[in-house]
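Undergrad: Contents of query_6.txt (compact mmCIF, C-alpha atoms):
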# COMPACT_ATOMS: atom_id res chain seq x y z
CA MET A 1 146.15 124.32 139.50
CA THR A 2 144.60 121.82 137.10
CA PRO A 3 146.00 121.65 133.56
CA SER A 4 143.49 122.48 130.91
CA ARG A 5 141.98 119.63 128.96
CA PRO A 6 143.54 120.26 125.49
CA PRO A 7 147.17 119.84 126.72
CA ILE A 8 146.23 116.64 128.55
CA LEU A 9 144.56 115.22 125.47
CA ALA A 10 147.46 116.29 123.26
CA GLY A 11 149.88 114.56 125.60
CA LEU A 12 147.74 111.45 125.62
CA VAL A 13 147.56 111.33 121.84
CA LEU A 14 151.28 111.92 121.46
CA GLY A 15 152.17 109.28 124.04
CA ILE A 16 150.02 106.59 122.51
CA LEU A 17 151.21 107.30 118.97
CA LEU A 18 154.85 107.33 120.07
CA ALA A 19 154.37 103.97 121.77
CA ALA A 20 152.83 102.55 118.61
CA CYS A 21 155.61 103.86 116.40
CA GLY A 22 158.30 102.68 118.81
CA SER A 23 157.17 99.11 118.43
CA HIS A 24 158.36 99.21 114.81
CA ALA A 25 161.84 100.43 115.68
CA ASN A 26 163.16 96.89 115.90
CA LEU A 27 161.84 96.05 112.47
CA GLN A 28 163.51 99.12 111.02
CA ARG A 29 166.83 98.24 112.65
CA HIS A 30 166.63 94.73 111.26
CA ALA A 31 165.75 96.13 107.83
CA LEU A 32 168.94 98.18 107.99
CA ALA A 33 170.93 95.07 108.96
CA ALA A 34 169.29 93.18 106.08
CA GLN A 35 170.42 95.89 103.66
CA VAL A 36 173.96 95.68 105.04
CA LEU A 37 173.97 91.89 104.61
CA HIS A 38 172.65 92.23 101.05
CA ASP A 39 175.49 94.64 100.26
CA ALA A 40 177.94 92.34 102.03
CA ALA A 41 176.83 89.31 100.00
CA THR A 42 177.00 91.31 96.76
CA SER A 43 180.43 92.79 97.51
CA ALA A 44 181.85 89.49 98.77
CA ARG A 45 180.81 87.71 95.59
CA ALA A 46 182.28 90.40 93.33
CA VAL A 47 185.52 90.84 95.27
CA VAL A 48 186.24 87.10 95.53
CA LEU A 49 185.72 86.59 91.79
CA GLU A 50 187.84 89.66 90.95
CA GLN A 51 190.57 88.44 93.29
CA LEU A 52 190.45 84.97 91.75
CA GLU A 53 190.85 86.46 88.28
CA ALA A 54 193.75 88.61 89.46
CA ASP A 55 195.49 85.69 91.17
CA VAL A 56 195.16 83.49 88.08
CA ALA A 57 196.61 86.29 85.98
CA SER A 58 199.39 86.76 88.49
CA VAL A 59 200.51 83.11 88.64
CA THR A 60 200.27 82.57 84.89
CA ALA A 61 202.05 85.77 83.89
CA GLY A 62 205.07 84.90 81.77
CA VAL A 63 204.12 81.20 81.52
CA THR A 64 203.62 80.21 77.91
CA GLU A 65 203.12 76.45 78.05
CA PRO A 66 199.32 75.80 78.00
CA ALA A 67 199.40 72.72 80.23
CA GLU A 68 201.45 74.53 82.83
CA ARG A 69 199.12 77.53 82.69
CA ALA A 70 196.14 75.23 83.19
CA ARG A 71 197.88 73.48 86.10
CA LEU A 72 198.65 76.78 87.81
CA ALA A 73 195.11 78.05 87.30
CA ALA A 74 193.71 74.81 88.72
CA GLY A 75 195.88 75.27 91.79
CA VAL A 76 194.47 78.74 92.38
CA ARG A 77 190.95 77.44 91.89
CA ALA A 78 191.54 74.65 94.41
CA ARG A 79 192.82 77.18 96.95
CA TYR A 80 189.77 79.40 96.47
CA THR A 81 187.24 76.57 96.65
CA ALA A 82 188.77 74.73 99.60
CA PRO A 83 186.57 74.43 102.70
CA GLY A 84 186.88 77.68 104.61
CA GLY A 85 188.38 79.38 101.56
CA PRO A 86 187.21 82.65 99.98
CA VAL A 87 184.43 81.06 97.89
CA ASP A 88 183.17 79.12 100.89
CA MET A 89 183.13 82.30 102.96
CA ALA A 90 181.39 84.41 100.29
CA ASN A 91 178.73 81.72 99.86
CA ALA A 92 178.27 81.42 103.63
CA ILE A 93 177.65 85.17 103.87
CA ASN A 94 175.15 84.81 101.05
CA ARG A 95 173.34 81.86 102.63
CA LEU A 96 173.25 83.27 106.17
CA GLY A 97 172.23 86.73 104.97
CA LEU A 98 169.32 85.41 102.94
CA ALA A 99 168.21 83.19 105.82
CA TYR A 100 168.31 86.27 108.07
CA VAL A 101 166.12 88.34 105.74
CA ARG A 102 163.61 85.50 105.43
CA SER A 103 163.55 85.03 109.20
CA VAL A 104 162.90 88.74 109.75
CA LEU A 105 160.00 88.60 107.29
CA VAL A 106 158.54 85.60 109.12
CA LEU A 107 159.04 87.12 112.57
CA GLU A 108 157.46 90.38 111.52
CA GLN A 109 154.15 88.59 111.05
CA GLU A 110 154.05 87.61 114.71
CA ASP A 111 152.16 89.75 117.20
CA ARG A 112 155.15 90.07 119.49
CA PRO A 113 158.22 89.18 117.45
CA ALA A 114 161.04 87.52 119.38
CA TRP A 115 163.81 89.35 117.56
CA ALA A 116 166.48 87.48 119.49
CA LYS A 117 165.68 84.45 117.30
CA VAL A 118 167.42 86.04 114.31
CA ALA A 119 170.49 87.09 116.30
CA PRO A 120 172.58 83.98 115.53
CA LEU A 121 172.08 84.38 111.77
CA LEU A 122 173.07 88.03 111.84
CA ARG A 123 176.01 87.39 114.13
CA ASP A 124 177.29 84.42 112.09
CA ALA A 125 176.96 86.26 108.78
CA LEU A 126 178.87 89.24 110.16
CA ALA A 127 181.56 86.99 111.66
CA VAL A 128 182.21 85.33 108.29
CA TYR A 129 182.18 88.71 106.57
CA VAL A 130 184.75 90.11 109.01
CA ALA A 131 186.89 86.99 108.45
CA LEU A 132 186.67 87.43 104.67
CA ARG A 133 187.68 91.08 105.04
CA ARG A 134 190.87 89.87 106.71
CA VAL A 135 191.57 87.79 103.58
CA VAL A 136 190.74 90.33 100.87
CA GLY A 137 191.39 93.51 102.83
CA ASP A 138 189.46 96.74 102.75
CA ARG A 139 188.12 96.09 99.28
CA LEU A 140 185.08 95.03 101.25
CA PRO A 141 183.35 97.88 103.08
CA ALA A 142 183.31 97.85 106.87
CA VAL A 143 180.15 96.88 108.74
CA PRO A 144 178.40 99.94 110.20
CA ALA A 145 178.75 100.14 113.98
CA VAL A 146 174.98 100.29 114.43
CA VAL A 147 174.60 96.86 112.81
CA LEU A 148 177.44 95.38 114.85
CA GLU A 149 175.70 96.74 117.93
CA LEU A 150 172.42 95.21 116.83
CA ALA A 151 174.08 91.82 116.41
CA GLY A 152 175.34 92.09 119.96
CA ALA A 153 172.30 93.77 121.40
CA VAL A 154 169.86 91.11 120.30
CA SER A 155 171.95 88.18 121.47
CA MET B 1 134.48 110.79 130.62
CA GLY B 2 135.14 112.12 127.11
CA ALA B 3 138.88 111.75 127.68
CA LEU B 4 138.47 108.13 128.70
CA VAL B 5 136.50 107.33 125.58
CA LEU B 6 139.08 109.10 123.45
CA ALA B 7 141.88 107.20 125.20
CA GLU B 8 140.19 103.88 124.41
CA ILE B 9 139.77 104.87 120.78
CA LEU B 10 143.42 105.88 120.57
CA LYS B 11 144.50 102.61 122.14
CA ILE B 12 142.64 100.73 119.43
CA VAL B 13 144.22 102.93 116.75
CA ALA B 14 147.67 102.39 118.28
CA GLU B 15 147.14 98.63 118.30
CA LEU B 16 146.14 98.71 114.65
CA ILE B 17 149.25 100.73 113.81
CA ARG B 18 151.40 98.31 115.81
CA LYS B 19 150.04 95.35 113.88
CA ARG B 20 150.58 97.03 110.54
CA PRO B 21 154.25 97.88 110.17
CA PRO B 22 155.35 100.54 107.72
CA ALA B 23 154.67 99.21 104.25
CA ASP B 24 157.85 100.68 102.85
CA VAL B 25 160.03 98.74 105.31
CA LEU B 26 158.36 95.47 104.42
CA ALA B 27 158.55 96.24 100.71
CA GLU B 28 162.23 96.98 101.12
CA LEU B 29 162.80 93.63 102.84
CA ARG B 30 160.89 91.75 100.16
CA ASN B 31 162.84 93.57 97.45
CA LEU B 32 166.09 92.57 99.13
CA GLU B 33 164.99 88.96 99.26
CA ALA B 34 163.98 89.02 95.57
CA ALA B 35 167.21 90.72 94.49
CA TRP B 36 169.50 88.56 96.59
CA PRO B 37 172.69 87.68 94.68
CA GLU B 38 173.33 84.14 93.56
CA PRO B 39 176.03 82.19 95.39
CA ILE B 40 179.29 81.71 93.54
CA GLY B 41 178.92 78.67 91.31
CA ALA B 42 181.16 76.64 89.02
CA ASP B 43 180.27 78.80 86.01
CA ASP B 44 181.35 81.94 87.87
CA LEU B 45 184.65 80.31 88.77
CA ASP B 46 185.21 79.18 85.19
CA ALA B 47 184.53 82.68 83.89
CA ALA B 48 186.87 84.35 86.40
CA ILE B 49 189.67 81.88 85.69
CA LYS B 50 189.25 82.30 81.93
CA ALA B 51 189.36 86.07 82.34
CA GLY B 52 192.54 85.74 84.38
CA LEU B 53 194.14 83.48 81.78
CA ASP B 54 193.06 85.83 78.98
CA ARG B 55 194.87 88.68 80.69
CA THR B 56 198.15 86.78 80.36
CA THR B 57 197.63 84.96 77.10
CA PRO B 58 201.05 84.81 75.48
Here is the file; what I need is its structure written in the form of structure tokens.

TA:
Amino acid sequence: MTPSRPPILAGLVLGILLAACGSHANLQRHALAAQVLHDAATSARAVVLEQLEADVASVTAGVTEPAERARLAAGVRARYTAPGGPVDMANAINRLGLAYVRSVLVLEQEDRPAWAKVAPLLRDALAVYVALRRVVGDRLPAVPAVVLELAGAVS
Amino acid sequence: MGALVLAEILKIVAELIRKRPPADVLAELRNLEAAWPEPIGADDLDAAIKAGLDRTTP
């Protein structure tokens, strides 16, 4: 028994359109990761500055002598701005995240984007973010599993 | 014969769709890039430290 023509044509149309739409799935996943990195950079910046303010307040509480207060505050600042410190980490997330978004926008213009090229940027940004979360705790939101998977999947 | 012609037309349409990604996704990415936060700079550090000191001003 031969299938009638309309179902065959409908199947053909559906198949071709699904294939076309599927080719944009990668872009949409990377757009989601870009949004997560934007939120991560924003949160990291805010949380580090809030934590710095709180730490300065904490170490200077009860200290009345201005020079001593300034010395204590300078010590906190030095700890925050040391290489590998919270400010360094927040700025690394910012830099890597922005580089990732720009790379996705460049790749998207290619006929057959090699999405694996952006994997190191995503993976590095997430690694620094996870490390910063260990420092400041759950004041920073967790990375969605789907983005962690993407970072691994495109490696 | 008609189906083959239609299939070719659909292939061309599919290729055009493939080359033109959803505009909203691209717009979203460009908006993210434009609204990217500034890195933490010296002025931000100064302001946070001053705010911390102000909280404990004797």

Undergrad: Using only C-alpha atoms, which residues sit within 10 Å of A:Leu72 once same-chain residues fewer than 4 positions away are excluded, as a PyMOL selection string?

TA: chain A and resi 56-57+59-60+63+66-68+76-78

Undergrad: Determine, for each residue of chain A having at least one atom at most 8 Å from an atom of chain B, the closest pair of atoms and their separation in Å to one decimal, counting only C-alpha atoms; order by chain and ascending number, as a Markdown table.

TA:
| residue | atom | partner | partner_atom | distance |
| --- | --- | --- | --- | --- |
| A:Leu9 | CA | B:Ala3 | CA | 7.0 |
| A:Leu12 | CA | B:Ala7 | CA | 7.3 |
| A:Val13 | CA | B:Leu10 | CA | 7.0 |
| A:Ile16 | CA | B:Ala14 | CA | 6.4 |
| A:Leu17 | CA | B:Ala14 | CA | 6.1 |
| A:Ala19 | CA | B:Ala14 | CA | 7.7 |
| A:Ala20 | CA | B:Ala14 | CA | 5.2 |
| A:Cys21 | CA | B:Arg18 | CA | 7.0 |
| A:Ser23 | CA | B:Arg18 | CA | 6.4 |
| A:His24 | CA | B:Pro21 | CA | 6.3 |
| A:Leu27 | CA | B:Val25 | CA | 7.9 |
| A:Gln28 | CA | B:Val25 | CA | 6.7 |
| A:Ala31 | CA | B:Leu29 | CA | 6.3 |
| A:Ala34 | CA | B:Leu29 | CA | 7.3 |
| A:Gln35 | CA | B:Leu32 | CA | 7.1 |
| A:His38 | CA | B:Trp36 | CA | 6.6 |
| A:Ala41 | CA | B:Pro37 | CA | 6.9 |
| A:Thr42 | CA | B:Pro37 | CA | 6.0 |
| A:Arg45 | CA | B:Ile40 | CA | 6.5 |
| A:Leu49 | CA | B:Ala48 | CA | 5.9 |
| A:Glu50 | CA | B:Ala48 | CA | 7.1 |
| A:Leu52 | CA | B:Ala48 | CA | 6.5 |
| A:Glu53 | CA | B:Gly52 | CA | 4.3 |
| A:Ala54 | CA | B:Gly52 | CA | 6.0 |
| A:Asp55 | CA | B:Gly52 | CA | 7.4 |
| A:Val56 | CA | B:Gly52 | CA | 5.1 |
| A:Ala57 | CA | B:Gly52 | CA | 4.4 |
| A:Thr60 | CA | B:Thr56 | CA | 6.5 |
| A:Ala61 | CA | B:Thr56 | CA | 5.4 |
| A:Gly62 | CA | B:Thr56 | CA | 7.3 |
| A:Val63 | CA | B:Pro58 | CA | 7.7 |
| A:Thr64 | CA | B:Pro58 | CA | 5.8 |
| A:Arg69 | CA | B:Leu53 | CA | 7.8 |
| A:Ala73 | CA | B:Ile49 | CA | 6.8 |
| A:Arg77 | CA | B:Leu45 | CA | 7.6 |
| A:Val87 | CA | B:Ile40 | CA | 6.8 |
| A:Ala90 | CA | B:Ile40 | CA | 7.6 |
| A:Asn91 | CA | B:Pro39 | CA | 5.2 |
| A:Asn94 | CA | B:Pro39 | CA | 6.3 |
| A:Arg95 | CA | B:Pro39 | CA | 7.7 |
| A:Leu98 | CA | B:Glu33 | CA | 6.7 |
| A:Val101 | CA | B:Glu33 | CA | 6.6 |
| A:Arg102 | CA | B:Glu33 | CA | 7.2 |
| A:Leu105 | CA | B:Leu29 | CA | 7.3 |
| A:Asp111 | CA | B:Lys19 | CA | 6.8 |

Undergrad: As an exercise, work out the distance from atom CA of A:Leu96 to atom CA of A:Ala125 in Å and give it to one decimal place.

TA: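 Computing it gives 5.4 Å between the two atoms.
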
Undergrad: Just how far from atom CA of A:Tyr100 is atom CA of A:Pro113, in Å to one decimal?

TA: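 These two atoms are separated by 14.1 Å.
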
Undergrad: Quote the spacing between atom CA of A:Ala82 and atom CA of A:Val36 in Å to one decimal place.

TA: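 Atom-to-atom, atom CA of A:Ala82 to atom CA of A:Val36, that is 26.2 Å.
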
Undergrad: Fewer than 2 positions away in the same chain doesn't count, so skip those; otherwise give me all residues within 8 Å of stretch 130-132 of chain A, counting all atoms listed in the file, as an mmCIF file with C-alpha atoms, in the frame of the given file.

TA:
data_model
loop_
_atom_site.group_PDB
_atom_site.id
_atom_site.type_symbol
_atom_site.label_atom_id
_atom_site.label_comp_id
_atom_site.auth_asym_id
_atom_site.auth_seq_id
_atom_site.Cartn_x
_atom_site.Cartn_y
_atom_site.Cartn_z
ATOM 1 C CA ALA A 44 181.850 89.490 98.770
ATOM 2 C CA PRO A 86 187.210 82.650 99.980
ATOM 3 C CA MET A 89 183.130 82.300 102.960
ATOM 4 C CA ALA A 90 181.390 84.410 100.290
ATOM 5 C CA LEU A 126 178.870 89.240 110.160
ATOM 6 C CA ALA A 127 181.560 86.990 111.660
ATOM 7 C CA VAL A 128 182.210 85.330 108.290
ATOM 8 C CA ARG A 134 190.870 89.870 106.710
ATOM 9 C CA VAL A 135 191.570 87.790 103.580
ATOM 10 C CA VAL A 136 190.740 90.330 100.870
ATOM 11 C CA GLY A 137 191.390 93.510 102.830
#

Undergrad: Find the residues near A:Ala33: any atom within 7 Å, counting all atoms listed in the file, skip ones fewer than 4 places away on the same chain, and give them as a list in words.

TA: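 Non-adjacent residues within range: Arg29, Leu37 and Val147 of chain A.
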